[in-house]
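Novice: Data file final00.csv (CSV, C-alpha atoms) is appended below.
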chain,number,residue,atom,x,y,z
K,1,MET,CA,180.9,-0.7,124.2
K,2,ILE,CA,184.2,1.0,124.8
K,3,ILE,CA,187.3,-0.6,126.4
K,4,THR,CA,190.2,1.7,127.2
K,5,THR,CA,193.6,0.2,128.3
K,6,ALA,CA,194.6,2.1,131.5
K,7,HIS,CA,197.3,1.8,134.1
K,8,ASN,CA,200.6,-0.1,134.0
K,9,THR,CA,200.4,-1.4,130.5
K,10,ALA,CA,202.9,-1.2,127.7
K,11,LYS,CA,200.4,0.3,125.2
K,12,SER,CA,197.1,2.0,125.4
K,13,GLY,CA,194.3,1.8,123.0
K,14,ILE,CA,190.6,2.2,122.6
K,15,GLU,CA,188.3,-0.5,121.2
K,16,GLU,CA,184.8,0.9,120.4
K,17,TYR,CA,181.9,-1.1,119.1
K,18,LYS,CA,178.9,1.0,118.2
K,19,GLU,CA,175.4,-0.4,117.9
K,20,GLU,CA,175.2,0.2,114.2
K,21,ASN,CA,178.4,-1.8,113.5
K,22,TRP,CA,178.2,-4.4,116.3
K,23,GLU,CA,177.5,-7.4,114.0
K,24,LYS,CA,180.0,-6.4,111.4
K,25,ASP,CA,182.8,-5.7,113.9
K,26,LEU,CA,182.2,-8.5,116.4
K,27,LYS,CA,180.6,-11.1,114.2
K,28,ILE,CA,177.9,-11.8,116.8
K,29,LYS,CA,174.4,-10.4,117.7
K,30,PRO,CA,174.1,-8.1,120.7
K,31,ILE,CA,174.5,-10.0,123.9
K,32,ARG,CA,171.1,-10.7,125.7
K,33,THR,CA,171.3,-10.5,129.4
K,34,TYR,CA,168.3,-11.5,131.6
K,35,TYR,CA,168.2,-10.2,135.2
K,36,ASN,CA,165.8,-12.3,137.3
K,37,ALA,CA,163.9,-11.3,140.5
K,38,ASP,CA,165.7,-14.1,142.4
K,39,LYS,CA,169.0,-12.1,141.8
K,40,THR,CA,170.3,-14.5,139.2
K,41,TYR,CA,171.3,-13.6,135.6
K,42,ILE,CA,172.1,-15.3,132.4
K,43,SER,CA,173.8,-13.8,129.3
K,44,GLU,CA,173.4,-15.3,125.9
K,45,TYR,CA,175.9,-14.9,123.1
K,46,ARG,CA,174.4,-15.5,119.7
K,47,ASP,CA,176.1,-15.9,116.3
K,48,LEU,CA,174.8,-14.0,113.2
K,49,ASP,CA,172.3,-16.8,112.6
K,50,ASN,CA,170.8,-16.1,116.1
K,51,ILE,CA,172.0,-19.4,117.5
K,52,VAL,CA,173.3,-19.4,121.1
K,53,PHE,CA,177.0,-20.4,121.1
K,54,ASN,CA,177.9,-19.4,124.7
K,55,THR,CA,176.2,-18.5,128.0
K,56,THR,CA,177.4,-17.0,131.2
K,57,SER,CA,175.4,-17.0,134.4
K,58,GLY,CA,175.6,-16.2,138.0
K,59,THR,CA,174.1,-13.9,140.6
K,60,TRP,CA,173.8,-10.1,140.9
K,61,GLU,CA,173.5,-7.7,143.8
K,62,ILE,CA,173.2,-4.0,144.2
K,63,LYS,CA,175.9,-2.2,146.3
K,64,GLN,CA,175.3,1.6,146.5
K,65,ASP,CA,175.4,2.9,142.9
K,66,SER,CA,176.9,-0.3,141.4
K,67,VAL,CA,175.7,-3.8,140.4
K,68,VAL,CA,178.0,-6.7,141.3
K,69,LEU,CA,177.9,-9.6,138.9
K,70,ASN,CA,179.2,-12.8,140.4
K,71,GLN,CA,179.6,-15.1,137.4
K,72,ILE,CA,179.5,-18.8,138.3
K,73,LYS,CA,179.5,-20.4,134.8
K,74,PRO,CA,181.4,-21.1,132.8
K,75,GLU,CA,184.1,-20.0,135.3
K,76,LYS,CA,183.9,-18.0,138.5
K,77,ARG,CA,184.7,-14.3,138.3
K,78,SER,CA,183.3,-11.1,139.8
K,79,ALA,CA,183.0,-7.5,138.6
K,80,ALA,CA,181.4,-4.4,140.1
K,81,TYR,CA,179.9,-2.0,137.5
K,82,HIS,CA,179.0,1.5,138.3
K,83,VAL,CA,175.5,2.0,136.8
K,84,LYS,CA,174.0,5.2,135.5
K,85,PHE,CA,170.4,5.2,134.2
K,86,GLN,CA,169.0,7.2,131.3
K,87,GLY,CA,165.3,7.0,131.7
K,88,LYS,CA,163.7,3.7,132.5
K,89,ASN,CA,165.1,1.6,129.7
K,90,ILE,CA,168.8,2.4,129.2
K,91,ALA,CA,171.7,1.9,131.6
K,92,THR,CA,175.4,2.6,131.2
K,93,PHE,CA,177.7,0.2,133.0
K,94,SER,CA,181.4,1.1,133.7
K,95,ALA,CA,184.1,-0.8,135.5
K,96,LEU,CA,187.8,-1.5,135.5
K,97,LEU,CA,188.2,-5.0,134.1
K,98,ASP,CA,191.1,-7.3,132.9
K,99,TRP,CA,190.1,-7.0,129.3
K,100,THR,CA,193.7,-7.6,128.1
K,101,ASN,CA,194.1,-10.7,130.2
K,102,ASN,CA,197.3,-9.4,131.9
K,103,GLY,CA,196.1,-10.2,135.4
K,104,LYS,CA,195.3,-6.6,136.2
K,105,LYS,CA,191.9,-5.0,136.4
K,106,ASP,CA,193.1,-1.8,134.7
K,107,ASP,CA,191.1,-1.6,131.5
K,108,LEU,CA,188.1,0.7,131.5
K,109,TYR,CA,184.9,-0.9,130.2
K,110,VAL,CA,181.9,1.2,129.3
K,111,GLY,CA,178.8,-0.5,127.9
K,112,LYS,CA,175.2,0.4,127.4
K,113,GLN,CA,172.3,-2.0,128.0
K,114,GLN,CA,168.7,-1.4,126.8
K,115,ARG,CA,165.7,-3.0,128.3
K,116,VAL,CA,163.8,-4.8,125.6
K,117,SER,CA,160.9,-6.1,127.7
K,118,ASP,CA,159.7,-7.1,131.1
K,119,MET,CA,159.4,-10.8,131.5
For this file, produce the structure as structure tokens.
Specialist:
Amino acid sequence: MIITTAHNTAKSGIEEYKEENWEKDLKIKPIRTYYNADKTYISEYRDLDNIVFNTTSGTWEIKQDSVVLNQIKPEKRSAAYHVKFQGKNIATFSALLDWTNNGKKDDLYVGKQQRVSDM
């Protein structure tokens, strides 16, 4: 996962969390997101003991080359991610988000998701 501060900010920076250092750097397990056929999703955040400490959920929809996640819980928010597939099991998601909580969706997010199994 890479987040780059972009437009209209006082400072710029890159935060990069590589798979091999994820747990050390973020102090959590990789996030597990389940996309369901009924166009709902749930993301589970687990601590290093594999205990779920947070979940987000909502609906998803495809719009052209993007997936739109409409989060409902714990709070409402929406983001459209451009998706690029590498084979059948890996997808790269990119979007401008408000990562810095300054009220502007001007931070570039790039994250990779890997399919673990079909449910």
Novice: What does the distance between atom CA of Ala80 of chain K and atom CA of Ser66 of chain K come to in Å, to one decimal place?
Specialist: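 Spanning atom CA of Ala80 of chain K to atom CA of Ser66 of chain K is a straight-line distance of 6.2 Å.
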Novice: Name the closest residue to Gln113 of chain K among the candidates K:Phe93, K:Trp99, K:Tyr35, K:Trp60; distances are taken between atoms, counting all atoms listed in the file.
Specialist: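 Smallest separation from Gln113 of chain K among the options: K:Phe93.
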Novice: Between atom CA of Ile62 of chain K and atom CA of Pro74 of chain K, what is the distance in Å, rounded to a tenth?
Specialist: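 About the pair atom CA of Ile62 of chain K and atom CA of Pro74 of chain K: they are 22.1 Å apart.
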Novice: One decimal, in Å: what's the spacing between atom CA of Gln114 of chain K and atom CA of Lys63 of chain K?
Specialist: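 That distance, rounded to one decimal, is 20.8 Å.
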Novice: Ranking K:Ile14, K:Ala95, K:Leu48, K:Ala37 by minimum distance to Glu61 of chain K and counting all atoms listed in the file, which one comes first?
Specialist: K:Ala37
Novice: Using only C-alpha atoms for the distances, tell me which of K:Ile72, K:Ile42, K:Val52, K:Val67 is nearest to Lys84 of chain K.
Specialist: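 For Lys84 of chain K, the nearest of the given residues is K:Val67.
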Novice: Using all atoms listed in the file, which of K:Thr56, K:Ile28, K:Tyr34, K:Val110 sits nearest Leu97 of chain K?
Specialist: K:Val110
Novice: Could you list, as a PyMOL selection string, every residue within 10 Å of Ala91 of chain K, counting only C-alpha atoms and ignoring same-chain residues fewer than 5 positions away?
Specialist: chain K and resi 82-86+111-115
Novice: For Glu15 of chain K, which residue among K:Thr100, K:Val116, K:Ser57, K:Ile31 is the nearest when counting all atoms listed in the file?
Specialist: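 Residue with the minimum atom-to-atom distance to Glu15 of chain K: K:Thr100.
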Novice: Within 10 Å of Pro30 of chain K, counting all atoms listed in the file, which residues qualify if same-chain residues fewer than 3 places away don't, as a PyMOL selection string?
Specialist: chain K and resi 19+22-23+26-27+33+44-48+50+113
Novice: Between K:Asn21, K:Gln71, K:Ser78, K:Thr55, which has the minimum distance to Lys105 of chain K (counting only C-alpha atoms)?
Specialist: K:Ser78
Novice: Extract, using all atoms listed in the file, all DNA, RNA and protein residues at most 9 Å from Gly58 of chain K, discarding same-chain residues fewer than 6 positions from it, and format them as JSON, numbers by chain.
Specialist: {"K": [39, 40, 41, 42, 69, 70, 71, 72, 73, 76]}
